[in-house]
Structure formats: structure tokens, C-alpha cells
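One file, model-v4.pdb, is given below (PDB, C-alpha atoms).
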```
ATOM      1  CA  MET I 596       9.769  -7.294  -1.294  1.00  0.00           C
ATOM      2  CA  THR I 597       7.035  -5.147  -2.828  1.00  0.00           C
ATOM      3  CA  ILE I 598       4.147  -6.814  -4.664  1.00  0.00           C
ATOM      4  CA  GLY I 599       1.298  -5.100  -6.479  1.00  0.00           C
ATOM      5  CA  ASN I 600       0.217  -2.363  -8.834  1.00  0.00           C
ATOM      6  CA  SER I 601       1.242   1.254  -9.303  1.00  0.00           C
ATOM      7  CA  HIS I 602      -0.072   2.265  -5.875  1.00  0.00           C
ATOM      8  CA  VAL I 603       2.618   0.071  -4.366  1.00  0.00           C
ATOM      9  CA  GLU I 604       5.163   0.875  -7.056  1.00  0.00           C
ATOM     10  CA  GLN I 605       4.880   4.632  -6.420  1.00  0.00           C
ATOM     11  CA  LEU I 606       6.233   4.021  -2.894  1.00  0.00           C
ATOM     12  CA  ASN I 607       9.242   2.012  -4.067  1.00  0.00           C
ATOM     13  CA  PRO I 608      11.603   5.027  -3.865  1.00  0.00           C
ATOM     14  CA  VAL I 609      11.060   5.423  -0.118  1.00  0.00           C
ATOM     15  CA  ILE I 610      11.032   1.661   0.454  1.00  0.00           C
ATOM     16  CA  LYS I 611      14.320   1.322  -1.421  1.00  0.00           C
ATOM     17  CA  ALA I 612      15.854   4.246   0.463  1.00  0.00           C
ATOM     18  CA  MET I 613      14.819   2.684   3.745  1.00  0.00           C
ATOM     19  CA  GLY I 614      16.208  -0.632   2.512  1.00  0.00           C
ATOM     20  CA  GLU I 615      19.593   0.911   1.761  1.00  0.00           C
ATOM     21  CA  LYS I 616      19.756   2.302   5.281  1.00  0.00           C
ATOM     22  CA  GLU I 617      18.679  -0.999   6.847  1.00  0.00           C
ATOM     23  CA  SER I 618      20.832  -3.132   4.493  1.00  0.00           C
ATOM     24  CA  TRP I 619      17.815  -4.783   2.874  1.00  0.00           C
ATOM     25  CA  GLU I 620      17.761  -6.243  -0.613  1.00  0.00           C
ATOM     26  CA  VAL I 621      14.537  -4.853  -2.072  1.00  0.00           C
ATOM     27  CA  ILE I 622      12.836  -7.010  -4.714  1.00  0.00           C
ATOM     28  CA  GLN I 623      10.022  -5.463  -6.775  1.00  0.00           C
ATOM     29  CA  ILE I 624       7.236  -7.569  -8.289  1.00  0.00           C
ATOM     30  CA  ASN I 625       5.057  -4.777  -9.630  1.00  0.00           C
ATOM     31  CA  HIS I 626       2.866  -4.256 -12.669  1.00  0.00           C
ATOM     32  CA  GLY I 627       0.846  -1.097 -13.228  1.00  0.00           C
ATOM     33  CA  GLY I 628      -2.878  -1.755 -13.467  1.00  0.00           C
ATOM     34  CA  CYS I 629      -2.626  -5.280 -12.052  1.00  0.00           C
ATOM     35  CA  PHE I 630      -3.627  -6.362  -8.567  1.00  0.00           C
ATOM     36  CA  TYR I 631      -2.185  -8.590  -5.874  1.00  0.00           C
ATOM     37  CA  THR I 632      -5.698  -9.744  -5.013  1.00  0.00           C
ATOM     38  CA  THR I 633      -7.458 -12.479  -7.023  1.00  0.00           C
ATOM     39  CA  LEU I 634      -7.196 -13.964 -10.477  1.00  0.00           C
ATOM     40  CA  GLU I 635     -10.761 -12.862 -11.210  1.00  0.00           C
ATOM     41  CA  GLU I 636     -10.015  -9.184 -10.555  1.00  0.00           C
ATOM     42  CA  ASN I 637      -6.955  -9.357 -12.771  1.00  0.00           C
ATOM     43  CA  LYS I 638      -8.957 -10.981 -15.576  1.00  0.00           C
ATOM     44  CA  ASN I 639     -11.191  -7.907 -15.473  1.00  0.00           C
ATOM     45  CA  ALA I 640      -8.347  -5.367 -15.405  1.00  0.00           C
ATOM     46  CA  LEU I 641      -8.993  -2.604 -17.936  1.00  0.00           C
ATOM     47  CA  ASP I 642      -7.349  -3.167 -21.324  1.00  0.00           C
ATOM     48  CA  GLN I 643      -4.851  -5.719 -20.004  1.00  0.00           C
ATOM     49  CA  GLY I 644      -6.820  -8.576 -18.487  1.00  0.00           C
ATOM     50  CA  GLN I 645      -4.682 -11.336 -20.023  1.00  0.00           C
ATOM     51  CA  GLN I 646      -1.458  -9.528 -19.161  1.00  0.00           C
ATOM     52  CA  CYS I 647      -2.566  -9.033 -15.565  1.00  0.00           C
ATOM     53  CA  SER I 648      -3.774 -12.615 -15.269  1.00  0.00           C
ATOM     54  CA  ASP I 649      -0.382 -13.866 -16.436  1.00  0.00           C
ATOM     55  CA  TRP I 650       1.393 -11.507 -14.039  1.00  0.00           C
ATOM     56  CA  PHE I 651      -0.759 -12.545 -11.092  1.00  0.00           C
ATOM     57  CA  GLU I 652      -0.343 -16.273 -11.709  1.00  0.00           C
ATOM     58  CA  ASN I 653       3.440 -15.864 -11.804  1.00  0.00           C
ATOM     59  CA  ALA I 654       3.785 -13.279  -9.016  1.00  0.00           C
ATOM     60  CA  GLN I 655       3.097 -15.676  -6.154  1.00  0.00           C
ATOM     61  CA  GLU I 656       5.506 -18.271  -7.533  1.00  0.00           C
ATOM     62  CA  TRP I 657       8.228 -15.658  -7.969  1.00  0.00           C
ATOM     63  CA  ALA I 658       7.628 -14.252  -4.500  1.00  0.00           C
ATOM     64  CA  ASP I 659       7.617 -17.660  -2.812  1.00  0.00           C
ATOM     65  CA  GLY I 660      10.871 -18.475  -4.560  1.00  0.00           C
ATOM     66  CA  TRP I 661      12.552 -15.428  -3.044  1.00  0.00           C
ATOM     67  CA  ASP I 662      11.317 -16.359   0.458  1.00  0.00           C
ATOM     68  CA  PRO I 663      11.304 -12.691   1.604  1.00  0.00           C
ATOM     69  CA  ASP I 664      11.623 -11.504   5.191  1.00  0.00           C
ATOM     70  CA  VAL I 665       9.111  -8.674   4.648  1.00  0.00           C
ATOM     71  CA  VAL I 666       6.367  -8.195   2.052  1.00  0.00           C
ATOM     72  CA  PHE I 667       4.857  -4.776   1.295  1.00  0.00           C
ATOM     73  CA  LEU I 668       1.395  -4.965  -0.275  1.00  0.00           C
ATOM     74  CA  GLN I 669      -1.611  -2.689  -0.786  1.00  0.00           C
ATOM     75  CA  SER I 670      -4.142  -3.541   1.900  1.00  0.00           C
ATOM     76  CA  THR I 671      -7.154  -1.409   0.923  1.00  0.00           C
ATOM     77  CA  LYS I 672      -8.639   0.343  -2.101  1.00  0.00           C
ATOM     78  CA  SER I 673     -10.191   3.806  -1.886  1.00  0.00           C
ATOM     79  CA  THR I 674     -13.006   4.979  -4.144  1.00  0.00           C
ATOM     80  CA  TYR I 675     -12.895   7.954  -6.490  1.00  0.00           C
ATOM     81  CA  ASP I 676     -15.999   9.556  -5.007  1.00  0.00           C
ATOM     82  CA  GLY I 677     -14.279   9.878  -1.627  1.00  0.00           C
ATOM     83  CA  ALA I 678     -17.099   8.130   0.202  1.00  0.00           C
ATOM     84  CA  SER I 679     -15.725   4.668   0.890  1.00  0.00           C
ATOM     85  CA  GLU I 680     -12.857   2.207   1.069  1.00  0.00           C
ATOM     86  CA  VAL I 681     -12.789  -1.562   0.664  1.00  0.00           C
ATOM     87  CA  VAL I 682     -10.456  -4.415   1.501  1.00  0.00           C
ATOM     88  CA  PRO I 683     -10.250  -6.184  -1.877  1.00  0.00           C
ATOM     89  CA  ASP I 684     -10.983  -9.895  -2.133  1.00  0.00           C
ATOM     90  CA  GLY I 685      -7.816 -11.929  -1.829  1.00  0.00           C
ATOM     91  CA  VAL I 686      -5.801  -9.494   0.286  1.00  0.00           C
ATOM     92  CA  GLU I 687      -6.565 -11.223   3.573  1.00  0.00           C
ATOM     93  CA  ASP I 688      -5.679 -14.581   2.011  1.00  0.00           C
ATOM     94  CA  HIS I 689      -2.282 -13.201   0.978  1.00  0.00           C
ATOM     95  CA  VAL I 690      -1.693 -11.814   4.468  1.00  0.00           C
ATOM     96  CA  ARG I 691      -2.545 -15.223   5.938  1.00  0.00           C
ATOM     97  CA  HIS I 692      -0.275 -16.980   3.438  1.00  0.00           C
ATOM     98  CA  TRP I 693       2.763 -14.861   4.240  1.00  0.00           C
ATOM     99  CA  THR I 694       2.370 -14.575   7.999  1.00  0.00           C
ATOM    100  CA  GLU I 695       1.894 -18.336   8.328  1.00  0.00           C
ATOM    101  CA  ARG I 696       5.211 -18.759   6.498  1.00  0.00           C
ATOM    102  CA  GLY I 697       6.879 -16.528   9.059  1.00  0.00           C
ATOM    103  CA  THR I 698       7.168 -13.562   6.681  1.00  0.00           C
ATOM    104  CA  ASP I 699       6.316 -10.114   8.040  1.00  0.00           C
ATOM    105  CA  VAL I 700       3.691  -8.193   6.046  1.00  0.00           C
ATOM    106  CA  ILE I 701       3.346  -4.422   5.884  1.00  0.00           C
ATOM    107  CA  GLY I 702      -0.099  -3.453   4.635  1.00  0.00           C
ATOM    108  CA  LEU I 703       0.014  -0.127   2.811  1.00  0.00           C
ATOM    109  CA  ARG I 704      -3.335   1.634   3.104  1.00  0.00           C
ATOM    110  CA  ASP I 705      -4.458   3.069  -0.222  1.00  0.00           C
ATOM    111  CA  ASN I 706      -4.125   6.802  -0.749  1.00  0.00           C
ATOM    112  CA  PRO I 707      -7.215   8.958  -1.377  1.00  0.00           C
ATOM    113  CA  ARG I 708      -8.505   9.201  -4.936  1.00  0.00           C
ATOM    114  CA  SER I 709     -10.440  12.006  -6.620  1.00  0.00           C
ATOM    115  CA  ILE I 710     -12.887  12.114  -9.503  1.00  0.00           C
ATOM    116  CA  GLU I 711     -11.034  14.939 -11.251  1.00  0.00           C
ATOM    117  CA  SER I 712      -7.372  14.828 -12.184  1.00  0.00           C
ATOM    118  CA  GLN I 713      -5.429  17.175  -9.955  1.00  0.00           C
ATOM    119  CA  LEU I 714      -3.146  18.056 -12.853  1.00  0.00           C
ATOM    120  CA  GLU I 715      -6.088  19.169 -14.970  1.00  0.00           C
ATOM    121  CA  CYS I 716      -7.794  20.920 -12.068  1.00  0.00           C
ATOM    122  CA  GLU I 717      -4.731  22.991 -11.264  1.00  0.00           C
ATOM    123  CA  LYS I 718      -4.596  24.337 -14.834  1.00  0.00           C
ATOM    124  CA  THR I 719      -7.868  26.245 -14.561  1.00  0.00           C
ATOM    125  CA  LYS I 720      -8.937  26.388 -10.911  1.00  0.00           C
ATOM    126  CA  SER I 721      -7.699  27.716  -7.591  1.00  0.00           C
ATOM    127  CA  ALA I 722      -6.032  25.605  -4.917  1.00  0.00           C
ATOM    128  CA  GLU I 723      -9.194  25.787  -2.832  1.00  0.00           C
ATOM    129  CA  ASP I 724     -11.330  24.610  -5.744  1.00  0.00           C
ATOM    130  CA  CYS I 725      -9.008  21.647  -6.255  1.00  0.00           C
ATOM    131  CA  THR I 726      -9.079  20.650  -2.587  1.00  0.00           C
ATOM    132  CA  TYR I 727     -11.297  17.706  -1.703  1.00  0.00           C
ATOM    133  CA  THR I 728     -12.059  15.396   1.220  1.00  0.00           C
ATOM    134  CA  HIS I 729     -11.918  11.630   1.416  1.00  0.00           C
ATOM    135  CA  LEU I 730     -13.095   9.097   3.956  1.00  0.00           C
ATOM    136  CA  THR I 731      -9.660   7.457   4.113  1.00  0.00           C
ATOM    137  CA  ALA I 732      -8.175  10.694   5.448  1.00  0.00           C
ATOM    138  CA  GLN I 733     -10.699  10.785   8.293  1.00  0.00           C
ATOM    139  CA  THR I 734     -10.998   7.194   9.527  1.00  0.00           C
ATOM    140  CA  ALA I 735      -8.846   4.461  11.020  1.00  0.00           C
ATOM    141  CA  ASP I 736      -7.245   1.818   8.826  1.00  0.00           C
ATOM    142  CA  PRO I 737      -9.794  -1.044   8.568  1.00  0.00           C
ATOM    143  CA  THR I 738      -7.034  -3.680   8.597  1.00  0.00           C
ATOM    144  CA  THR I 739      -5.725  -2.689  12.029  1.00  0.00           C
ATOM    145  CA  GLU I 740      -7.618  -5.610  13.588  1.00  0.00           C
ATOM    146  CA  TRP I 741      -5.432  -7.991  11.581  1.00  0.00           C
ATOM    147  CA  GLU I 742      -2.501  -7.179  13.867  1.00  0.00           C
ATOM    148  CA  THR I 743      -3.908  -9.559  16.477  1.00  0.00           C
ATOM    149  CA  LYS I 744      -5.623 -11.921  14.018  1.00  0.00           C
ATOM    150  CA  TYR I 745      -2.415 -12.467  12.059  1.00  0.00           C
ATOM    151  CA  PRO I 746       0.725 -11.984  14.157  1.00  0.00           C
ATOM    152  CA  GLY I 747       3.246 -10.863  11.572  1.00  0.00           C
ATOM    153  CA  TYR I 748       0.982  -8.223  10.011  1.00  0.00           C
ATOM    154  CA  GLY I 749       1.505  -4.506  10.490  1.00  0.00           C
ATOM    155  CA  PRO I 750      -0.601  -1.748   8.878  1.00  0.00           C
ATOM    156  CA  ALA I 751       1.048   1.456   7.699  1.00  0.00           C
ATOM    157  CA  ALA I 752      -0.952   4.532   6.691  1.00  0.00           C
ATOM    158  CA  PHE I 753       0.159   7.937   5.417  1.00  0.00           C
ATOM    159  CA  ASN I 754      -3.048   9.667   4.384  1.00  0.00           C
ATOM    160  CA  ASP I 755      -2.689  12.289   7.106  1.00  0.00           C
ATOM    161  CA  LEU I 756       0.495  13.406   5.314  1.00  0.00           C
ATOM    162  CA  ILE I 757      -1.243  13.549   1.944  1.00  0.00           C
ATOM    163  CA  CYS I 758      -4.360  15.239   3.330  1.00  0.00           C
ATOM    164  CA  PRO I 759      -3.432  17.331   6.390  1.00  0.00           C
ATOM    165  CA  SER I 760      -6.431  18.048   8.632  1.00  0.00           C
ATOM    166  CA  ALA I 761      -8.405  15.666   6.388  1.00  0.00           C
ATOM    167  CA  ARG I 762      -8.213  18.107   3.439  1.00  0.00           C
ATOM    168  CA  CYS I 763      -6.576  16.787   0.276  1.00  0.00           C
ATOM    169  CA  THR I 764      -4.872  19.850  -1.144  1.00  0.00           C
ATOM    170  CA  PRO I 765      -2.993  20.241  -4.454  1.00  0.00           C
ATOM    171  CA  THR I 766       0.241  20.968  -2.588  1.00  0.00           C
ATOM    172  CA  VAL I 767       1.686  20.140   0.807  1.00  0.00           C
ATOM    173  CA  GLY I 768       4.728  22.115   1.882  1.00  0.00           C
ATOM    174  CA  ASN I 769       4.951  23.671  -1.599  1.00  0.00           C
ATOM    175  CA  VAL I 770       5.198  20.208  -3.171  1.00  0.00           C
ATOM    176  CA  TYR I 771       2.567  19.004  -5.629  1.00  0.00           C
ATOM    177  CA  THR I 772       0.834  15.913  -4.257  1.00  0.00           C
ATOM    178  CA  TYR I 773      -0.892  14.224  -7.222  1.00  0.00           C
ATOM    179  CA  VAL I 774      -0.113  13.766 -10.911  1.00  0.00           C
ATOM    180  CA  ASP I 775      -3.650  12.631 -11.785  1.00  0.00           C
ATOM    181  CA  THR I 776      -6.725  11.324  -9.961  1.00  0.00           C
ATOM    182  CA  ASP I 777      -4.943   8.801  -7.751  1.00  0.00           C
ATOM    183  CA  HIS I 778      -1.159   8.693  -8.176  1.00  0.00           C
ATOM    184  CA  LEU I 779       1.247  10.663  -6.013  1.00  0.00           C
ATOM    185  CA  THR I 780       4.117  12.681  -7.456  1.00  0.00           C
ATOM    186  CA  ALA I 781       7.567  11.185  -6.976  1.00  0.00           C
ATOM    187  CA  THR I 782       8.714  14.430  -5.352  1.00  0.00           C
ATOM    188  CA  PHE I 783       5.958  14.273  -2.755  1.00  0.00           C
ATOM    189  CA  VAL I 784       6.621  10.608  -2.029  1.00  0.00           C
ATOM    190  CA  ARG I 785      10.309  11.335  -1.419  1.00  0.00           C
ATOM    191  CA  SER I 786       9.409  14.260   0.819  1.00  0.00           C
ATOM    192  CA  THR I 787       7.720  11.818   3.214  1.00  0.00           C
ATOM    193  CA  GLN I 788      10.837   9.650   3.641  1.00  0.00           C
ATOM    194  CA  ALA I 789      11.445  10.327   7.347  1.00  0.00           C
ATOM    195  CA  PHE I 790       7.781   9.783   8.241  1.00  0.00           C
ATOM    196  CA  PHE I 791       7.491   6.720   6.032  1.00  0.00           C
ATOM    197  CA  SER I 792      10.569   5.057   7.489  1.00  0.00           C
ATOM    198  CA  GLN I 793       9.479   5.769  11.053  1.00  0.00           C
ATOM    199  CA  ARG I 794       5.971   4.422  10.547  1.00  0.00           C
ATOM    200  CA  VAL I 795       7.182   1.274   8.820  1.00  0.00           C
ATOM    201  CA  SER I 796       9.741   0.755  11.605  1.00  0.00           C
ATOM    202  CA  ASP I 797       7.005   1.197  14.209  1.00  0.00           C
ATOM    203  CA  ALA I 798       4.812  -1.314  12.361  1.00  0.00           C
ATOM    204  CA  LEU I 799       7.649  -3.849  12.262  1.00  0.00           C
ATOM    205  CA  ASP I 800       8.262  -3.331  15.989  1.00  0.00           C
ATOM    206  CA  ARG I 801       4.596  -4.117  16.649  1.00  0.00           C
ATOM    207  CA  VAL I 802       4.904  -7.183  14.438  1.00  0.00           C
ATOM    208  CA  ASP I 803       7.795  -8.451  16.569  1.00  0.00           C
ATOM    209  CA  GLU I 804       5.842  -7.797  19.761  1.00  0.00           C
ATOM    210  CA  ASN I 805       2.776  -9.608  18.457  1.00  0.00           C
ATOM    211  CA  ARG I 806       4.785 -12.578  17.215  1.00  0.00           C
ATOM    212  CA  ASN I 807       6.568 -12.871  20.572  1.00  0.00           C
ATOM    213  CA  ARG I 808       3.260 -12.597  22.414  1.00  0.00           C
ATOM    214  CA  ASP I 809       1.753 -15.273  20.202  1.00  0.00           C
ATOM    215  CA  VAL I 810       4.686 -17.607  20.861  1.00  0.00           C
ATOM    216  CA  SER I 811       4.400 -16.991  24.615  1.00  0.00           C
ATOM    217  CA  HIS I 812       0.680 -17.761  24.568  1.00  0.00           C
ATOM    218  CA  SER I 813       1.272 -20.932  22.556  1.00  0.00           C
ATOM    219  CA  SER I 814       3.968 -22.085  24.972  1.00  0.00           C
ATOM    220  CA  ALA I 815       1.768 -21.393  27.980  1.00  0.00           C
ATOM    221  CA  ALA I 816      -1.078 -23.345  26.445  1.00  0.00           C
TER     222      ALA I 816
END
```

Take the structure in the file and write it out as C-alpha cells.
Amino acid sequence: MTIGNSHVEQLNPVIKAMGEKESWEVIQINHGGCFYTTLEENKNALDQGQQCSDWFENAQEWADGWDPDVVFLQSTKSTYDGASEVVPDGVEDHVRHWTERGTDVIGLRDNPRSIESQLECEKTKSAEDCTYTHLTAQTADPTTEWETKYPGYGPAAFNDLICPSARCTPTVGNVYTYVDTDHLTATFVRSTQAFFSQRVSDALDRVDENRNRDVSHSSAA
């Protein structure tokens, strides 16, 4: 199951493709511009506060009703100035909720964002002029520590694919990366399929190891 805004929704093609290979039924509870964080943040969502509030209040009920084996959610939020990244309020609570139910959680680290739209930049500037750097392409995922805190949680990051050598370029492998300031092109997302599937599989393997270790420790105690 995928829950969240467009930054989760943009990865649905590779999640669904992986699901077909693994015989998963992939359920999508997504709404662009709305956040799987807190009711307060959704109330303040630009231009659609009421819509996002309604979505958020229903999303958890819908998700609980499906009782998913795995939940994919956005774990962090990058800033447009490239200087920082935060773990939004509410995300850790959702991770706790699902892992305590026995559901595995894959935390999708947010992709880098830029102040200027890449589409607009590419119309008038060179590739070098449109290249930028971002902290999230240079640092470790801040939710990695949750792997031991919440057995059942596995972080998955792909920013090294989007920004090779920590440089966020307009194209990677002759494929355009961004359609605006913060959304990836569908073509680029699909081009990462093999890497995406492997990293999610690795994260799920670590989840199994951590759950088994936690059970062993509990039994020994």
C-alpha cells in the first residue's frame, strides 16, 4: 500500500511493477498536495486545506481496513533551498502505528527540490547552469536509526540516482529528471526500476532480520 502525496504517487509506477513481479496487490491512497503527517499540516495545505483534511481523516481508516502487509510512505521532506531536510511531524507516529500492528513500513526519503523549475531553466540556460546541489544528495537518511527503534521499518533512498556525485543535473543517462521544482519525470522514475526494486528488497530483508532479532531478544528476556 502507498499512502501520501505526489512525492509518493510519482513512485507508484515502479512500486506497481515490483508488485506485479512479487505478486502483490498494490493499493494506492494518494492525494496530490496532501500529507500523511498530521491533521494540522493538512489544514494548512495550499488552496485545498479542507480537501486535504478530509482526505487525511479518511486515509488512516481506509488503510487500517485493508490491513496491508507493507506500507510505503514519505519519511522526510527536503527544502527548496537545498540546505536542509526535516522529518515532518506525525511521520514517526505513523511508523510506530504500523510496525506495532505487524505491518512492514518502507520509508521513502524525499527527493531533492530546487528553487527554480527545471523545465523553465532548461528553456533558456545550459545544463551546467541548471545543475544544483542539495543536502539530501550528500548525507545519510535521518530515519535510518528507526530500523532498530521500530523493528518493521526500513528506509529506502534513491537520491544518489537522481543526483549522481551529489550533483542534481537536468538529465541522467539522457533522461530528463524533473518536470518542475520537485517532481520527477515518469520516464526517469521508470528508468530506476532495477535499482528501486533491489533497494526495496534489501530494506525488506533488513526488516525481517530486525523483527527476528527483536523476537529472539524478547524470548531470551

Practice problem: Give me, please, the distance in Å between atom CA of I:Asp664 and atom CA of I:Asp699, quoted to one decimal. | Solution: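 Atom CA of I:Asp699 lies at a distance of 6.2 Å from atom CA of I:Asp664.
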
Self-check item: Non-local contacts of I:Gly599 (10 Å; all atoms listed in the file; under 4 positions in same chain excluded) as a PyMOL selection string
Solution: chain I and resi 603-604+623-632+650-651+654+667-669

Practice problem: For the structure provided, state which residues fall under the PyMOL selection byres ((chain I and resi 757-769) around 6), and present them as a list of chain:residue names. | Solution: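 Expected selection for the PyMOL selection byres ((chain I and resi 757-769) around 6) here is I:Thr726, I:Tyr727, I:Thr728, I:Ala732, I:Gln733, I:Asn754, I:Asp755, I:Leu756, I:Val770, I:Tyr771, I:Thr772.
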
Quiz prompt | Picked residues, the PyMOL selection byres ((chain I and resi 686) around 12), expected as a count of residues only | solution = 34

Exercise. Please write the residues picked by the PyMOL selection byres ((chain I and resi 802) around 7) on this file as an MDAnalysis selection string.
Key: chainID I and resid 746:749 798:801 803:806

Quiz prompt | Closest of I:Thr776, I:Thr739, I:Asn653, I:Gln646 to I:Ser709 - atom-to-atom distances counting all atoms listed in the file | solution =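 The shortest atom-to-atom distance to I:Ser709 comes from I:Thr776.
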
Quiz item: When you draw a straight line from atom CA of I:Ile622 to atom CA of I:Phe783, how long is it in Å?
Solution: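 Between atom CA of I:Ile622 and atom CA of I:Phe783 the gap works out to 22.5 Å.
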